[in-house]
>>> print(open('input_9.cif').read())   # mmCIF, C-alpha atoms
data_input
#
loop_
_atom_site.label_atom_id
_atom_site.label_comp_id
_atom_site.auth_asym_id
_atom_site.auth_seq_id
_atom_site.Cartn_x
_atom_site.Cartn_y
_atom_site.Cartn_z
CA MET U 1 11.82 -27.10 22.76
CA SER U 2 10.52 -30.60 21.91
CA PHE U 3 12.74 -33.54 20.93
CA LEU U 4 11.18 -33.54 17.44
CA THR U 5 12.01 -29.86 16.93
CA LYS U 6 15.61 -30.43 18.07
CA ALA U 7 15.92 -33.47 15.79
CA LYS U 8 14.65 -31.51 12.79
CA GLY U 9 17.13 -28.73 13.53
CA PHE U 10 20.01 -31.20 13.77
CA LEU U 11 19.11 -32.94 10.50
CA LYS U 12 18.79 -29.61 8.71
CA LYS U 13 22.19 -28.52 10.01
CA VAL U 14 23.89 -31.77 8.99
CA PHE U 15 22.23 -32.63 5.69
CA PHE U 16 21.22 -29.20 4.36
CA ASN U 17 24.26 -27.15 5.32
CA THR U 18 24.62 -24.52 2.59
CA LYS U 19 28.22 -23.89 3.63
CA TRP U 20 29.57 -27.30 2.65
CA ARG U 21 29.75 -26.31 -1.00
CA CYS U 22 30.41 -22.98 -2.67
CA ASN U 23 27.04 -21.44 -3.47
CA ALA U 24 28.45 -20.01 -6.70
CA CYS U 25 30.51 -22.81 -8.30
CA GLY U 26 29.52 -25.88 -6.27
CA LYS U 27 33.08 -26.69 -5.15
CA GLU U 28 33.34 -28.50 -1.79
CA ILE U 29 34.72 -26.16 0.86
CA PHE U 30 33.59 -27.37 4.31
CA GLU U 31 34.34 -23.95 5.72
CA ASP U 32 32.25 -21.32 7.47
CA SER U 33 31.55 -19.48 4.21
CA PHE U 34 28.99 -19.49 1.44
CA PHE U 35 31.72 -19.11 -1.20
CA CYS U 36 35.07 -20.70 -1.98
CA LYS U 37 38.08 -18.38 -1.92
CA ASP U 38 38.24 -18.04 -5.72
CA CYS U 39 34.58 -17.05 -6.02
CA LEU U 40 34.77 -14.82 -2.95
CA ASP U 41 37.69 -12.92 -4.48
CA ASN U 42 35.76 -12.42 -7.71
CA LEU U 43 32.29 -11.44 -6.50
CA PRO U 44 30.98 -8.40 -8.45
CA LEU U 45 30.79 -6.05 -5.48
CA ASN U 46 29.01 -2.79 -6.16
CA ASN U 47 31.62 -0.77 -4.28
CA GLN U 48 32.95 1.59 -6.94
CA ALA U 49 31.27 4.61 -8.58
CA ILE U 50 27.48 4.60 -8.12
CA CYS U 51 24.48 6.86 -8.53
CA ASN U 52 23.97 8.20 -5.02
CA HIS U 53 20.20 7.94 -5.48
CA CYS U 54 19.42 4.60 -7.15
CA GLY U 55 22.68 2.90 -6.20
CA ARG U 56 23.44 1.49 -9.65
CA HIS U 57 26.99 1.26 -10.95
CA ILE U 58 28.07 4.10 -13.25
CA LYS U 59 31.39 5.41 -14.58
CA VAL U 60 31.60 8.48 -12.35
CA SER U 61 29.75 8.94 -9.05
CA THR U 62 26.91 11.45 -9.19
CA ASP U 63 23.83 12.39 -7.17
CA TYR U 64 21.42 11.36 -9.95
CA CYS U 65 22.25 9.18 -12.95
CA THR U 66 20.57 9.67 -16.34
CA THR U 67 18.06 6.91 -15.54
CA CYS U 68 16.69 8.23 -12.27
CA LYS U 69 17.07 12.00 -12.64
CA ASN U 70 13.58 13.58 -12.53
CA TYR U 71 12.15 10.07 -12.41
CA LEU U 72 12.71 8.18 -9.15
CA THR U 73 11.04 10.88 -7.11
CA ASP U 74 9.20 8.83 -4.46
CA LEU U 75 12.02 6.41 -3.68
CA ASP U 76 14.47 8.23 -1.41
CA CYS U 77 17.48 5.96 -1.73
CA SER U 78 18.34 2.49 -3.03
CA ARG U 79 21.41 0.32 -2.56
CA SER U 80 22.68 -3.06 -3.80
CA PRO U 81 25.75 -4.88 -2.49
CA PHE U 82 26.35 -6.54 -5.89
CA ILE U 83 26.40 -5.67 -9.57
CA TYR U 84 24.11 -7.95 -11.55
CA SER U 85 26.71 -10.15 -13.23
CA GLU U 86 28.06 -13.67 -12.70
CA PRO U 87 28.15 -15.49 -10.41
CA ILE U 88 25.50 -13.43 -8.56
CA SER U 89 23.19 -13.15 -11.59
CA LYS U 90 23.38 -16.90 -12.12
CA MET U 91 22.53 -17.57 -8.46
CA ILE U 92 19.50 -15.26 -8.61
CA LYS U 93 18.24 -17.00 -11.76
CA LYS U 94 18.58 -20.37 -10.04
CA VAL U 95 16.51 -19.05 -7.14
CA LYS U 96 13.79 -17.72 -9.43
CA TYR U 97 13.61 -20.47 -12.03
CA ASN U 98 15.23 -23.60 -10.57
CA GLN U 99 13.82 -23.78 -7.03
CA LYS U 100 17.22 -23.08 -5.41
CA LYS U 101 15.84 -20.81 -2.70
CA TYR U 102 18.54 -21.90 -0.22
CA LEU U 103 20.97 -19.71 -2.19
CA LEU U 104 19.25 -16.63 -0.74
CA ASP U 105 20.98 -17.25 2.61
CA ALA U 106 24.30 -16.28 1.03
CA PHE U 107 23.06 -12.72 0.44
CA THR U 108 21.76 -11.87 3.92
CA ASP U 109 24.92 -10.53 5.54
CA TYR U 110 25.81 -8.47 2.46
CA LEU U 111 22.37 -6.83 2.52
CA VAL U 112 22.56 -6.19 6.27
CA ASN U 113 26.00 -4.61 5.90
CA GLU U 114 24.61 -2.34 3.18
CA TYR U 115 21.72 -1.37 5.45
CA TYR U 116 24.01 -0.24 8.25
CA LYS U 117 26.63 1.28 5.96
CA ASN U 118 24.02 3.65 4.52
CA TYR U 119 22.48 4.50 7.91
CA PHE U 120 19.02 3.28 6.95
CA ASN U 121 16.93 3.59 10.07
CA SER U 122 13.70 1.82 9.19
CA ASP U 123 10.52 1.33 11.19
CA ALA U 124 9.27 -1.52 9.01
CA ILE U 125 10.20 -3.69 6.02
CA VAL U 126 8.07 -4.48 3.00
CA TYR U 127 8.92 -6.76 0.09
CA ILE U 128 7.91 -6.68 -3.55
CA PRO U 129 4.88 -9.01 -3.69
CA MET U 130 3.83 -11.54 -6.32
CA THR U 131 0.29 -12.40 -7.34
CA GLU U 132 -1.08 -15.49 -5.60
CA LYS U 133 -1.01 -17.30 -8.94
CA ALA U 134 2.67 -16.49 -9.56
CA LYS U 135 3.68 -17.35 -6.00
CA LYS U 136 1.85 -20.66 -6.14
CA LYS U 137 3.59 -21.53 -9.41
CA ARG U 138 7.08 -20.77 -8.01
CA GLY U 139 6.32 -22.04 -4.53
CA TYR U 140 7.69 -18.98 -2.73
CA ASN U 141 8.45 -15.30 -3.10
CA GLN U 142 12.23 -14.77 -3.05
CA SER U 143 11.84 -11.12 -2.01
CA GLU U 144 9.74 -12.15 0.99
CA ILE U 145 12.40 -14.63 2.08
CA LEU U 146 15.13 -11.99 1.74
CA ALA U 147 13.05 -9.51 3.77
CA LYS U 148 12.49 -12.00 6.58
CA ASN U 149 16.19 -12.94 6.63
CA ILE U 150 17.13 -9.27 6.98
CA SER U 151 14.42 -8.71 9.60
CA LYS U 152 15.95 -11.32 11.90
CA LYS U 153 19.33 -9.61 11.72
CA ILE U 154 18.28 -5.98 12.20
CA ASN U 155 15.23 -6.58 14.40
CA VAL U 156 12.83 -4.62 12.19
CA GLU U 157 9.37 -6.05 11.51
CA VAL U 158 8.26 -7.22 8.06
CA ILE U 159 4.76 -5.89 7.40
CA ASP U 160 2.21 -7.15 4.88
CA ALA U 161 1.44 -3.76 3.35
CA ILE U 162 1.55 -4.21 -0.43
CA GLU U 163 -0.45 -6.55 -2.63
CA LYS U 164 0.13 -7.36 -6.29
CA VAL U 165 -3.28 -7.46 -7.90
CA LYS U 166 -2.43 -8.26 -11.51
CA ASP U 167 0.16 -10.34 -13.31
CA THR U 168 2.64 -8.40 -15.41
CA THR U 169 4.94 -9.19 -18.30
CA ARG U 170 8.48 -10.07 -17.21
CA GLN U 171 10.20 -6.75 -16.62
CA ALA U 172 13.56 -7.97 -17.97
CA LYS U 173 12.17 -7.84 -21.52
CA LEU U 174 10.95 -4.24 -21.34
CA ASN U 175 12.47 -0.77 -21.57
CA ARG U 176 11.75 1.89 -18.92
CA ASN U 177 8.61 3.34 -20.52
CA GLU U 178 7.23 -0.13 -21.18
CA ARG U 179 7.95 -1.06 -17.56
CA LEU U 180 5.98 1.95 -16.31
CA LEU U 181 2.96 0.99 -18.42
CA ASN U 182 3.33 -2.64 -17.42
CA LEU U 183 3.20 -1.74 -13.72
CA GLN U 184 0.21 0.60 -13.84
CA GLY U 185 -2.41 -0.71 -11.44
CA ALA U 186 -0.29 -3.75 -10.58
CA PHE U 187 0.10 -2.99 -6.86
CA LYS U 188 -2.30 -2.03 -4.09
CA LEU U 189 -1.68 -0.64 -0.61
CA LYS U 190 -3.53 -2.81 1.89
CA ASN U 191 -3.53 -0.58 4.94
CA LYS U 192 -2.43 3.07 5.18
CA LYS U 193 -2.31 2.99 8.98
CA ILE U 194 0.65 0.62 9.14
CA VAL U 195 2.87 2.81 6.91
CA LYS U 196 1.74 6.33 7.90
CA ASP U 197 4.59 8.52 9.21
CA LYS U 198 7.03 5.59 9.09
CA SER U 199 10.38 5.01 7.48
CA ILE U 200 9.94 1.99 5.22
CA LEU U 201 12.56 -0.33 3.72
CA ILE U 202 11.63 -2.13 0.49
CA VAL U 203 13.44 -5.41 -0.22
CA ASP U 204 13.74 -7.06 -3.64
CA ASP U 205 16.16 -9.27 -5.55
CA VAL U 206 17.24 -7.11 -8.52
CA THR U 207 17.13 -3.43 -9.50
CA THR U 208 17.05 -3.06 -13.28
CA THR U 209 15.77 0.45 -13.95
CA GLY U 210 14.08 1.02 -10.58
CA SER U 211 10.55 1.05 -12.05
CA THR U 212 9.15 -1.56 -9.66
CA LEU U 213 10.71 0.08 -6.61
CA GLU U 214 9.34 3.44 -7.74
CA ALA U 215 5.81 2.06 -8.24
CA VAL U 216 5.77 0.61 -4.73
CA SER U 217 7.40 3.72 -3.24
CA LYS U 218 4.69 5.87 -4.81
CA LEU U 219 1.99 3.79 -3.09
CA LEU U 220 3.79 3.97 0.25
CA LYS U 221 4.25 7.74 0.02
CA LYS U 222 0.58 8.19 -0.92
CA GLY U 223 -0.24 6.14 2.16
CA GLY U 224 1.70 8.58 4.30
CA ALA U 225 5.12 6.92 4.57
CA LYS U 226 7.75 9.47 5.62
CA ILE U 227 10.86 7.89 4.04
CA VAL U 228 11.16 5.00 1.59
CA ASN U 229 14.53 3.33 1.04
CA ALA U 230 15.31 0.10 -0.78
CA LEU U 231 17.75 -2.79 -0.68
CA THR U 232 18.20 -5.26 -3.51
CA VAL U 233 20.75 -8.04 -3.85
CA ALA U 234 22.06 -6.75 -7.17
CA SER U 235 21.53 -3.91 -9.60
CA VAL U 236 22.02 -3.70 -13.34
CA PRO U 237 24.58 -1.02 -14.28
CA ASN U 238 23.29 2.05 -16.10
CA LYS U 239 23.69 1.31 -19.83
CA SER U 240 24.88 4.82 -20.67
CA GLY U 241 27.38 4.68 -17.83
CA TYR U 242 26.23 8.08 -16.51
#
>>> encode(input="input_9.cif", output="structure tokens")
Amino acid sequence: MSFLTKAKGFLKKVFFNTKWRCNACGKEIFEDSFFCKDCLDNLPLNNQAICNHCGRHIKVSTDYCTTCKNYLTDLDCSRSPFIYSEPISKMIKKVKYNQKKYLLDAFTDYLVNEYYKNYFNSDAIVYIPMTEKAKKKRGYNQSEILAKNISKKINVEVIDAIEKVKDTTRQAKLNRNERLLNLQGAFKLKNKKIVKDKSILIVDDVTTTGSTLEAVSKLLKKGGAKIVNALTVASVPNKSGY
């Protein structure tokens, strides 16, 4: 390792240490944690009743909630360590709209724990892609960063298998049927050979209704993928509660 590389690593560790302040509230902590004790104690962990299929929070645990029953047929299983509410929702918005990509580091261990807790045994990782235009505008793809962070921890390769070929309306503004129409023809499988007969893990930031995960899962299954599971940082609770 060259002196310049070592120097860059030292400066990054000293001046860009994301554990000097709470990643949620900004309070100085100077501890080996991404969150202060108050925020850590109040994180919206998705560890209560969930849909066993899509992983979203519901009132009573069930195999299929009203959103994914007879719908999320290509995605085998999805999990999220957090419910999409503050401070996690606020952090994700800062990543997506305020260039705070360093906040993604705080989610890695939670996602890895979820991976092992659910016995996901993946051969490869894919992430939800952006169009080149959208990625250039933001400067990065947060899902790609999350996927690579997880990859380093679980020693599973990230593969460049899915391409987004058309820009879509922001999904947050649409209902489920509108999301399905919005996503038609949005993604393309680059190479069937790299997914055929493999167990694939999809990584993304948020699960709202599961439409995006389902669209990508459908492509992967058509390409011959054996199993498709998903991990997202947070998921929006089912509105009906069931």
>>> residues_around(input="input_9.cif", residues="U:Ile150", least_positions_apart="4", cutoff="7 Å", atoms="only C-alpha atoms", output="PyMOL selection string")
chain U and resi 108+112+146+154
>>> residues_around(input="input_9.cif", residues="U:Ser80", least_positions_apart="6", cutoff="7 Å", atoms="only C-alpha atoms", output="mmCIF file with C-alpha atoms, in the frame of the given file")
data_model
loop_
_atom_site.group_PDB
_atom_site.id
_atom_site.type_symbol
_atom_site.label_atom_id
_atom_site.label_comp_id
_atom_site.auth_asym_id
_atom_site.auth_seq_id
_atom_site.Cartn_x
_atom_site.Cartn_y
_atom_site.Cartn_z
ATOM 1 C CA ASN U 46 29.010 -2.790 -6.160
ATOM 2 C CA GLY U 55 22.680 2.900 -6.200
ATOM 3 C CA LEU U 231 17.750 -2.790 -0.680
ATOM 4 C CA THR U 232 18.200 -5.260 -3.510
ATOM 5 C CA VAL U 233 20.750 -8.040 -3.850
ATOM 6 C CA ALA U 234 22.060 -6.750 -7.170
ATOM 7 C CA SER U 235 21.530 -3.910 -9.600
#
>>> axis_aligned_box(input="input_9.cif", around="stretch 43-52 of chain U", padding_each_side="3 Å", output="AutoDock Vina command-line options")
--center_x 28.5 --center_y -1.6 --center_z -6.4 --size_x 15.0 --size_y 25.6 --size_z 10.3
>>> atom_distance(input="input_9.cif", atom1="atom CA of U:Leu189", atom2="atom CA of U:Leu219")
6.3 Å
>>> atom_distance(input="input_9.cif", atom1="atom CA of U:Asp74", atom2="atom CA of U:Asn191")
18.4 Å
>>> resolve_selection(input="input_9.cif", expression="the PyMOL selection byres ((chain U and resi 204-208) around 10)", output="ChimeraX atom specification")
/U:54-56,78-80,82-84,89,92,95-96,104,107,126-129,141-147,171-172,175-176,202-203,209-213,230-238
>>> atom_distance(input="input_9.cif", atom1="atom CA of U:Tyr115", atom2="atom CA of U:Tyr71")
23.3 Å
>>> resolve_selection(input="input_9.cif", expression="the PyMOL selection byres ((chain U and resi 97) around 12)", output="ChimeraX atom specification")
/U:90-96,98-101,134,137-142
>>> resolve_selection(input="input_9.cif", expression="the PyMOL selection byres ((chain U and resi 167) around 9)", output="ChimeraX atom specification")
/U:130-131,133-134,164-166,168-169,186
>>> residues_around(input="input_9.cif", residues="stretch 22-34 of chain U", least_positions_apart="4", cutoff="9 Å", atoms="only C-alpha atoms", output="PyMOL selection string")
chain U and resi 18+39-40+86-88+90-91+103+105-106
>>> closest_residue(input="input_9.cif", among="U:Lys198, U:Val216, U:Pro81, U:Ala161", to="U:Leu183", atoms="all atoms listed in the file")
U:Val216
>>> closest_residue(input="input_9.cif", among="U:Ile159, U:Tyr242, U:Gly224, U:Cys36", to="U:Asn52", atoms="all atoms listed in the file")
U:Tyr242
>>> closest_residue(input="input_9.cif", among="U:Ile227, U:Lys153, U:Ile125, U:Leu220", to="U:Asn113", atoms="only C-alpha atoms")
U:Lys153
>>> residues_around(input="input_9.cif", residues="stretch 60-64 of chain U", least_positions_apart="6", cutoff="6 Å", atoms="all atoms listed in the file", output="PyMOL selection string")
chain U and resi 49-53
>>> write_last_selection(input="input_9.cif", atoms="C-alpha atoms", output="CSV table (one decimal), keeping the file's coordinate frame")
chain,number,residue,atom,x,y,z
U,49,ALA,CA,31.3,4.6,-8.6
U,50,ILE,CA,27.5,4.6,-8.1
U,51,CYS,CA,24.5,6.9,-8.5
U,52,ASN,CA,24.0,8.2,-5.0
U,53,HIS,CA,20.2,7.9,-5.5
